[in-house]
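Q: Okay, handing you the structure first.
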Protein chains: 2
Amino acid sequence: MWRPDRQSKQTLYEQIADHLEQRISYGEFPPGSLLPSERKLAEQFGVNRSTIIMAFGELRAMGIIESRSGSGTRVSRTKWGATPKHTPNWNRYVEGGSFLPNLPFMRKIREALNQQPSLIDFASGELSADLAPIEEITALMNGHQYTSYLGYDHPQGYVPLRQALVPYLSKYRSIETGESSILITSGSQQSLYLITQCLLSPGDAVAIEDPSYCYSLPMFQSAGLRLFRLPVDRCGVNPEEIRLLHKKHRIKMVFLNPNFQNPTGTVTSAERRKQLLDVASELGLPIVEDDPFSLTAYNGEAPLPLKAADVNGSVLHIGSFSKIAASGLRVGWMVAPHAIVERLADARQQMDFGLSVIPQQVAAQFLKSPQFEPHLNRLRMQLIFKRDLLIEALQKELGDLVLYTVPEGGLHLWCKLVPDVPEAKLLDEAIRNGVVFVPGSVYGSDAGYVRFTFARAKADEIRRGIAGFAKALRGLM
Amino acid sequence: MWRPDRQSKQTLYEQIADHLEQRISYGEFPPGSLLPSERKLAEQFGVNRSTIIMAFGELRAMGIIESRSGSGTRVSRTKWGATPKHTPNWNRYVEGGSFLPNLPFMRKIREALNQQPSLIDFASGELSADLAPIEEITALMNGHQYTSYLGYDHPQGYVPLRQALVPYLSKYRSIETGESSILITSGSQQSLYLITQCLLSPGDAVAIEDPSYCYSLPMFQSAGLRLFRLPVDRCGVNPEEIRLLHKKHRIKMVFLNPNFQNPTGTVTSAERRKQLLDVASELGLPIVEDDPFSLTAYNGEAPLPLKAADVNGSVLHIGSFSKIAASGLRVGWMVAPHAIVERLADARQQMDFGLSVIPQQVAAQFLKSPQFEPHLNRLRMQLIFKRDLLIEALQKELGDLVLYTVPEGGLHLWCKLVPDVPEAKLLDEAIRNGVVFVPGSVYGSDAGYVRFTFARAKADEIRRGIAGFAKALRGLM
């Protein structure tokens, strides 16, 4: 049930007038129909009757409603009964709909990057062009003959790619599975979207890490889920907290990013991993494990996923090429019980009829090619190089004004700012100084944090970018 | 509110026992909690009290609930208070979720095709391998250098593809637009999905053609929309019916497929087109125009889309390469007011983070290549050839037992069966005879119709396929 927003800058009566106008224009109250009484509406919206009287006054002035003493308030016939030619009120459609828009910070960042392509980008969580295997992919595409059928794909994804993922998962992630338990998705985002849409219902409670990438995704709210927080400490999340949340809120699923967590960079400790799996199987509770960063481990020893030790089948494992090859491929996967894979594949047919065969062919060839492993090694060396450039610049420009743990894998540095400055202003100032980052509150964290992605900027931009950021920060202190 | 299904083969009390067990295992009734009284549940589920008594007996026998005289029925502590190790009850998750599964007929057809790839396929609405421009695409890919960045794409889609679509839309569809009003999607399916998710809200009423492809899509029901029918006659839908539906149900959007309508093949007449636009602008009602088939027009004169004459901006126009090039490319588009394009692009970021750049590059190059027009000409000739093979076979095998209008474009023949046979049995028998088709009821039509797609089967299979179908039909007469 709609109620006016008391935090809004718009007055209560204006909000109510707009709301009623919308309901009238949508035909909920057709021309000539009687509106609910002032007293009833006041009750329904939780406001004083005088507020309704002011809203009615507004609508009367616009000719939308008519009041006659003794016969209540009616929708005007003259205004709405006439049928002037007009285009659909597209703004109403844009504001409607059950799917929520992106967070304002994320939209602001995207708009800034669109308008000023020269901005130094510490915000986009992806690899720069020189880190992606573009030459390798070009060579593979040039050498390939598309003799095969270019029709609708298998709902679970291109069979040769799933076949190539079976030995990949075994060798690199210690996950033993078969192609029928693999669903190809367009990346982790689609995997999460399918899970929230198809396996959970509005009102269901789920646990997510705090801070977490998941908080940046209105998809959880769009799906009507109730979110509960699992604080991330230096060893990951505390499994006992899951038990408490389950007892208190009957959470139905847990979303974790155990290796080089986004945004903190944390790796869940071996002890916690074991405990997590124990709690999950004790409670019969599924864990969704998002695992895009493990192969970036700078020491070359990728931490194992939860799925590798998941003897009770509690874990849905999500992987992707986006952070280890190229986000523009749009190829990811999920390892799950076959019943889950089938259900999600079926639903995905309804949403987009599956993925293009072409990038799946490219991905399958790349996985099997002798270039894959050298690419990973090169990627790791370059990520270390960029991370060190970033840290050097932060030390030089900001010294004691920033606190962070040096990440051992992944694309991000999670940084606490010592000075207390307003986030929105800091972002505006940074953009004015030629640089974008993601404010910490996007990840559901307290204000005062910043996520710097060091993989996306060019190496020679990093120092300049941090100098611009430092100028913005100092200007607000 | 859940109620037992009286059409189900499972008894009422078993359904109720299952339902309660599920709610208990989901934690809605925690261990030790009091269940509602037998009388209350009987009322709630619309059954006799004796049915509830039987369901309770079932749950008691399983140790899930306990009854004590005078203190009601409680969830057992011993059963649920204990914490045995177990895997998540994945089936419960599969059955949950707000997104509906595909229609049973569609799933049956897909399973049959997966299990017996040798089936002659009159069901999949797509082109056969020999009709797709596979050689052209291979040549384009082999000649291309991926010097560009392979990162996340622009939310509205790859800029050079949108730039290539502007002259394409002008030349082939008489639509004058700019790249900022174009959204690249993974095909018509994703365009429809984005519209139903983002521009409409649960409870909204919309009008769709009857019969229509839209009926085969549970996505409309998943979005909670109320569907109202617009009968398709030889000239398309009757615009006056839209006016009536708007008056009666305040429909918020109309979904049309005016050219070579799926499944009937109908082309909306020029007079009706004009009236449709008049009604839409009079009511301020948006029309979603799905236009995938126009360029298949067998006489080479593609009928114009509604959008070409849409001076009031009422039409969201949807196009795709799936039916004129290759469905495996997964490239489609929408032409819409910029505010709509931005809203849908923003939401799509949440769902899958956009499309792979690679097929978009291929599509852009193909559109601009000198091979595009010769491909279209070749496609038309081959579709005529296959349509004629199908009609010849139907005449020979079934003669007066089938009625149809010969289509002048598109991939399908919509066929009325004179004998009254049960659809499900006909499909089973046809599969046994080596052929699949789509039963008419999938499109929301009365039973007794069949959609034959003649574009997907190989030319030398068509006669054999229809012979198999005829055998199945005659066997049931």
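Chains: A, B, ... in order of the structure tokens. Residues: from 1 per chain. Ligands: from 1, in order shown.
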Using only C-alpha atoms, find which residues of chain A lie within 6 Å of chain B and jot them down as a ChimeraX atom specification.
A: /A:27,83,85-88,93-94,96-99,101,129,138,142,146,149-152,189-190,193,197-201,250,281-282,284-286,312-314,326-330,347,351-352,356-357
Q: Would you mind writing down, as number ranges by chain, each residue of range 99-274 of chain A that DSSP on the backbone assigns to helix (DSSP H, G or I)?
A: A: 104-115, 129-131, 134-142, 159-173, 179-181, 188-198, 213-216, 219-222, 239-249, 270-274
Q: May I have the residues within 12 Å of Gly178 in chain B as a PyMOL selection string, using only C-alpha atoms and disregarding those fewer than 5 positions away in the same chain?
A: chain B and resi 159+161-170+183+334-338+341
Q: Grab the CA of Phe454 in chain B to CA of Cys415 in chain B distance for me, in Å with one decimal place.
A: 12.2 Å
Q: I'd like to know which residues of range 273-423 of chain A are strand (DSSP E) (by DSSP, run on the backbone); could you write them as a list in words?
A: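 Reading the DSSP output for range 273-423 of chain A, strand (DSSP E) covers Ile287, Val288, Glu289, Asp290, Val315, Leu316, His317, Ile318, Gly319, Ser320, Gly332, Trp333, Met334, Val335, Val402, Leu403, Tyr404, His412, Leu413, Trp414, Cys415, Lys416 and Leu417 of chain A.
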Q: Tell me which of A:Gln116, A:Asn377, A:Gln221, A:Asn259 sits closest to Leu411 in chain A, counting only C-alpha atoms.
A: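 Closest to Leu411 in chain A of all the choices is A:Asn259.
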Q: Counting only C-alpha atoms, figure out which residue out of B:Pro263, B:Gly72, B:Gly410, B:Pro36 gets nearest to Tyr215 in chain B.
A: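 The shortest atom-to-atom distance to Tyr215 in chain B comes from B:Pro263.
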Q: Measuring atom to atom with only C-alpha atoms, identify which of B:Glu373, B:Glu66, B:Asp446, B:Glu423 is nearest to Phe105 in chain B.
A: B:Glu423
Q: Quote the spacing between CA of Thr177 in chain B and CA of Pro374 in chain B in Å to one decimal place.
A: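 Result for CA of Thr177 in chain B versus CA of Pro374 in chain B: 25.1 Å, one decimal.
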Q: Please, what distance in Å, to one decimal, runs between CA of Ile16 in chain B and CA of Gly203 in chain A?
A: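 Calculated distance between CA of Ile16 in chain B and CA of Gly203 in chain A is 21.8 Å.
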Q: Which residue is closest to Phe321 in chain B? Choose from B:Leu306, B:Met54, B:Ala207, B:Leu367 and count only C-alpha atoms.
A: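 Once distances to Phe321 in chain B are computed over only C-alpha atoms, the minimum belongs to B:Leu367.
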Q: Excluding same-chain residues fewer than 6 positions from Cys235 in chain A, what lies within 9 Å of it counting only C-alpha atoms, as a compact mmCIF listing (two decimals) with C-alpha atoms, in the first residue's frame?
A:
# COMPACT_ATOMS: atom_id res chain seq x y z
CA THR A 266 39.19 -11.01 2.17
CA VAL A 267 39.92 -14.73 1.77
CA THR A 268 37.77 -16.91 4.05
CA SER A 269 40.00 -18.98 6.32
CA ALA A 270 40.19 -22.78 6.04
CA GLU A 271 38.60 -23.22 9.46
CA ARG A 272 35.68 -20.95 8.61
Q: Which is closer to Val442 in chain A than all the others in A:Ile53, A:Ile65, A:Ala123, A:Leu225, using only C-alpha atoms?
A: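 Nearest candidate to Val442 in chain A out of A:Ile53, A:Ile65, A:Ala123, A:Leu225: A:Ala123.
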